[in-house]
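Just below is one structure, and these are the notes that go with it.
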Amino acid sequence: MADPRFYCSEPIFAGQETVLPTPLAHHIRVRRLEAGDTVVLFDGRGGEIAGVLSFEGKKTLVLLGQHSPREAELSGEITLIQALPSGDKMDWIIEKAVELGVHRVIPVAAQRSVLKLSGARLEKRLEHWQGVIASASEQCGRNRLMHLSAPQSLEQAISTTARGHRLLCDPEADHTLAEYVAASQQEQKQINALSLLIGPEGGWSPEETAAASRQGVTNIKFGLRVLRTETAGLALAAATTALLGW
């Protein structure tokens, strides 16, 4: 059985004995791990370090061993530009995006988004999503945390992803993702970075799709079926990884 993995919010260094941050120490005690147990820590900067647990009063310590450079990142970068969905669907999207190796998620406050976030509510939700990213990284073996931006407009999101290919998911598009990838490879256009634009439950507004078109975004579809917003981006990310051999 693999040793349990934990994200440490403070930098860790090989060969040192480290006092763990209070939230992580509490999590380890809840898991009922004991002195002498081995755990694997990562701090999001890359690689991981195995160490041995010990306890001194209320302190939880780890004697860290050698740094392992092991990584589980894709060989290309996928950015998921996701319109805010209703309810807690964004939790699911973020968790699965981490598992699929997505490099960055940019939430978009789309015109038809039901969920509206601002002020303290926005800060609380962003903090919660960062926790989802950390937990998903612990589970799936990633040692670098997926980047998460604050919600912004579609035009702002597109302008921050000028590098690489940008594809808007549109069930009415003429070409599929597979056709787009095949055409790019035929033209010897190497794809190292790709952004996927996923609309909310009601879809992108005509104004948003027009703005995306003006910024050079290409419309593509996944297939013959219309996917839910919480399915579309994840399906396209998985298909992209397979089609490009990432």
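Chain labels A, B, ... are given in the sequence in which chains occur in the structure tokens; within each chain residues are numbered consecutively from 1, and ligands are likewise numbered from 1 in the order shown.
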Would you mind listing what lies within 9 Å of segment 225-231 of chain A as a list of chain:residue names, with only C-alpha atoms counted and same-chain residues fewer than 5 positions away left out?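 The contact residues come out as A:Gln82, A:Ala83, A:Pro85, A:Lys89, A:Met90, A:Trp92, A:Ile93, A:Asp170, A:Pro171, A:Ile198, A:Gly199, A:Pro200, A:Glu201, A:Gly203, A:Leu236.
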Please, which residues of segment 77-246 of chain A, numbered as in this document, come out strand (DSSP E) from DSSP, as a PDB file with N, CA and C atoms, in the first residue's frame?
ATOM      1  N   GLU A  77       0.296  22.029 -22.135  1.00  0.00           N
ATOM      2  CA  GLU A  77      -0.524  22.775 -21.178  1.00  0.00           C
ATOM      3  C   GLU A  77      -1.960  22.931 -21.665  1.00  0.00           C
ATOM      4  N   ILE A  78      -2.895  22.507 -20.834  1.00  0.00           N
ATOM      5  CA  ILE A  78      -4.317  22.722 -21.102  1.00  0.00           C
ATOM      6  C   ILE A  78      -4.838  23.774 -20.128  1.00  0.00           C
ATOM      7  N   THR A  79      -5.447  24.823 -20.666  1.00  0.00           N
ATOM      8  CA  THR A  79      -6.136  25.818 -19.844  1.00  0.00           C
ATOM      9  C   THR A  79      -7.630  25.635 -20.048  1.00  0.00           C
ATOM     10  N   LEU A  80      -8.355  25.481 -18.958  1.00  0.00           N
ATOM     11  CA  LEU A  80      -9.806  25.327 -19.025  1.00  0.00           C
ATOM     12  C   LEU A  80     -10.456  26.656 -18.642  1.00  0.00           C
ATOM     13  N   ILE A  81     -11.049  27.324 -19.626  1.00  0.00           N
ATOM     14  CA  ILE A  81     -11.780  28.570 -19.380  1.00  0.00           C
ATOM     15  C   ILE A  81     -13.239  28.169 -19.211  1.00  0.00           C
ATOM     16  N   GLN A  82     -13.666  28.109 -17.962  1.00  0.00           N
ATOM     17  CA  GLN A  82     -14.954  27.513 -17.600  1.00  0.00           C
ATOM     18  C   GLN A  82     -15.921  28.571 -17.087  1.00  0.00           C
ATOM     19  N   ALA A  83     -17.043  28.744 -17.794  1.00  0.00           N
ATOM     20  CA  ALA A  83     -18.087  29.634 -17.295  1.00  0.00           C
ATOM     21  C   ALA A  83     -18.646  29.072 -15.992  1.00  0.00           C
ATOM     22  N   ARG A 104      -4.298  24.920 -15.849  1.00  0.00           N
ATOM     23  CA  ARG A 104      -4.891  26.142 -15.280  1.00  0.00           C
ATOM     24  C   ARG A 104      -6.393  26.155 -15.525  1.00  0.00           C
ATOM     25  N   VAL A 105      -7.144  26.643 -14.548  1.00  0.00           N
ATOM     26  CA  VAL A 105      -8.584  26.866 -14.699  1.00  0.00           C
ATOM     27  C   VAL A 105      -8.865  28.351 -14.509  1.00  0.00           C
ATOM     28  N   ILE A 106      -9.579  28.925 -15.477  1.00  0.00           N
ATOM     29  CA  ILE A 106      -9.997  30.327 -15.378  1.00  0.00           C
ATOM     30  C   ILE A 106     -11.522  30.354 -15.324  1.00  0.00           C
ATOM     31  N   PRO A 107     -12.127  30.609 -14.158  1.00  0.00           N
ATOM     32  CA  PRO A 107     -13.584  30.730 -14.096  1.00  0.00           C
ATOM     33  C   PRO A 107     -14.029  32.021 -14.786  1.00  0.00           C
ATOM     34  N   VAL A 108     -15.123  31.937 -15.501  1.00  0.00           N
ATOM     35  CA  VAL A 108     -15.643  33.105 -16.216  1.00  0.00           C
ATOM     36  C   VAL A 108     -17.048  33.436 -15.713  1.00  0.00           C
ATOM     37  N   HIS A 147      -3.067  25.825 -11.397  1.00  0.00           N
ATOM     38  CA  HIS A 147      -3.303  27.254 -11.204  1.00  0.00           C
ATOM     39  C   HIS A 147      -4.808  27.544 -11.292  1.00  0.00           C
ATOM     40  N   LEU A 148      -5.264  28.464 -10.436  1.00  0.00           N
ATOM     41  CA  LEU A 148      -6.662  28.877 -10.439  1.00  0.00           C
ATOM     42  C   LEU A 148      -6.724  30.393 -10.421  1.00  0.00           C
ATOM     43  N   HIS A 165      -3.337  27.477 -28.877  1.00  0.00           N
ATOM     44  CA  HIS A 165      -4.586  27.328 -29.616  1.00  0.00           C
ATOM     45  C   HIS A 165      -5.761  27.527 -28.667  1.00  0.00           C
ATOM     46  N   ARG A 166      -6.797  28.237 -29.126  1.00  0.00           N
ATOM     47  CA  ARG A 166      -7.950  28.533 -28.273  1.00  0.00           C
ATOM     48  C   ARG A 166      -9.214  28.034 -28.970  1.00  0.00           C
ATOM     49  N   LEU A 167      -9.929  27.146 -28.277  1.00  0.00           N
ATOM     50  CA  LEU A 167     -11.069  26.468 -28.876  1.00  0.00           C
ATOM     51  C   LEU A 167     -12.316  26.662 -28.020  1.00  0.00           C
ATOM     52  N   LEU A 168     -13.397  27.125 -28.653  1.00  0.00           N
ATOM     53  CA  LEU A 168     -14.666  27.330 -27.961  1.00  0.00           C
ATOM     54  C   LEU A 168     -15.597  26.169 -28.272  1.00  0.00           C
ATOM     55  N   CYS A 169     -16.107  25.529 -27.237  1.00  0.00           N
ATOM     56  CA  CYS A 169     -16.995  24.376 -27.404  1.00  0.00           C
ATOM     57  C   CYS A 169     -18.371  24.855 -27.854  1.00  0.00           C
ATOM     58  N   ALA A 193       0.295  24.161 -26.271  1.00  0.00           N
ATOM     59  CA  ALA A 193      -0.615  24.760 -25.298  1.00  0.00           C
ATOM     60  C   ALA A 193      -1.963  24.949 -25.964  1.00  0.00           C
ATOM     61  N   LEU A 194      -3.010  24.683 -25.196  1.00  0.00           N
ATOM     62  CA  LEU A 194      -4.345  24.732 -25.764  1.00  0.00           C
ATOM     63  C   LEU A 194      -5.334  25.188 -24.696  1.00  0.00           C
ATOM     64  N   SER A 195      -6.234  26.099 -25.073  1.00  0.00           N
ATOM     65  CA  SER A 195      -7.268  26.587 -24.154  1.00  0.00           C
ATOM     66  C   SER A 195      -8.635  26.121 -24.626  1.00  0.00           C
ATOM     67  N   LEU A 196      -9.443  25.632 -23.696  1.00  0.00           N
ATOM     68  CA  LEU A 196     -10.793  25.158 -23.989  1.00  0.00           C
ATOM     69  C   LEU A 196     -11.795  26.083 -23.323  1.00  0.00           C
ATOM     70  N   LEU A 197     -12.717  26.652 -24.103  1.00  0.00           N
ATOM     71  CA  LEU A 197     -13.704  27.599 -23.600  1.00  0.00           C
ATOM     72  C   LEU A 197     -15.047  26.894 -23.488  1.00  0.00           C
ATOM     73  N   ILE A 198     -15.555  26.784 -22.252  1.00  0.00           N
ATOM     74  CA  ILE A 198     -16.778  26.034 -21.979  1.00  0.00           C
ATOM     75  C   ILE A 198     -17.829  26.974 -21.404  1.00  0.00           C
ATOM     76  N   THR A 218     -11.365  29.603 -32.205  1.00  0.00           N
ATOM     77  CA  THR A 218     -11.984  28.673 -33.156  1.00  0.00           C
ATOM     78  C   THR A 218     -13.091  27.879 -32.476  1.00  0.00           C
ATOM     79  N   ASN A 219     -14.245  27.774 -33.129  1.00  0.00           N
ATOM     80  CA  ASN A 219     -15.346  26.972 -32.597  1.00  0.00           C
ATOM     81  C   ASN A 219     -15.178  25.517 -33.005  1.00  0.00           C
ATOM     82  N   ILE A 220     -15.333  24.610 -32.027  1.00  0.00           N
ATOM     83  CA  ILE A 220     -15.278  23.172 -32.318  1.00  0.00           C
ATOM     84  C   ILE A 220     -16.373  22.467 -31.518  1.00  0.00           C
TER      85      ILE A 220
END
Expected answer as number ranges by chain: alpha helix (DSSP H) residues in segment 2-214 of chain A: A: 22-30, 89-100, 119-140, 154-159, 177-186, 206-214
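Picture a line from atom CA of Val19 of chain A to atom CA of Thr60 of chain A; it runs 5.9 Å.
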List as a list in words the protein and nucleic acid residues near Gln190 of chain A, meaning an atom at most 12 Å away when only C-alpha atoms are counted, but skip any in the same chain fewer than 5 places from it. Gly76, Gly164, His165, Val181, Ala182, Ala183, Ser184, Gln185 and Leu244 of chain A
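For the residues A:Pro4, A:Gly44, A:Gly57, A:Gly101, ranking by smallest atom-to-atom distance to Gln130 of chain A using only C-alpha atoms places A:Gly44 first.
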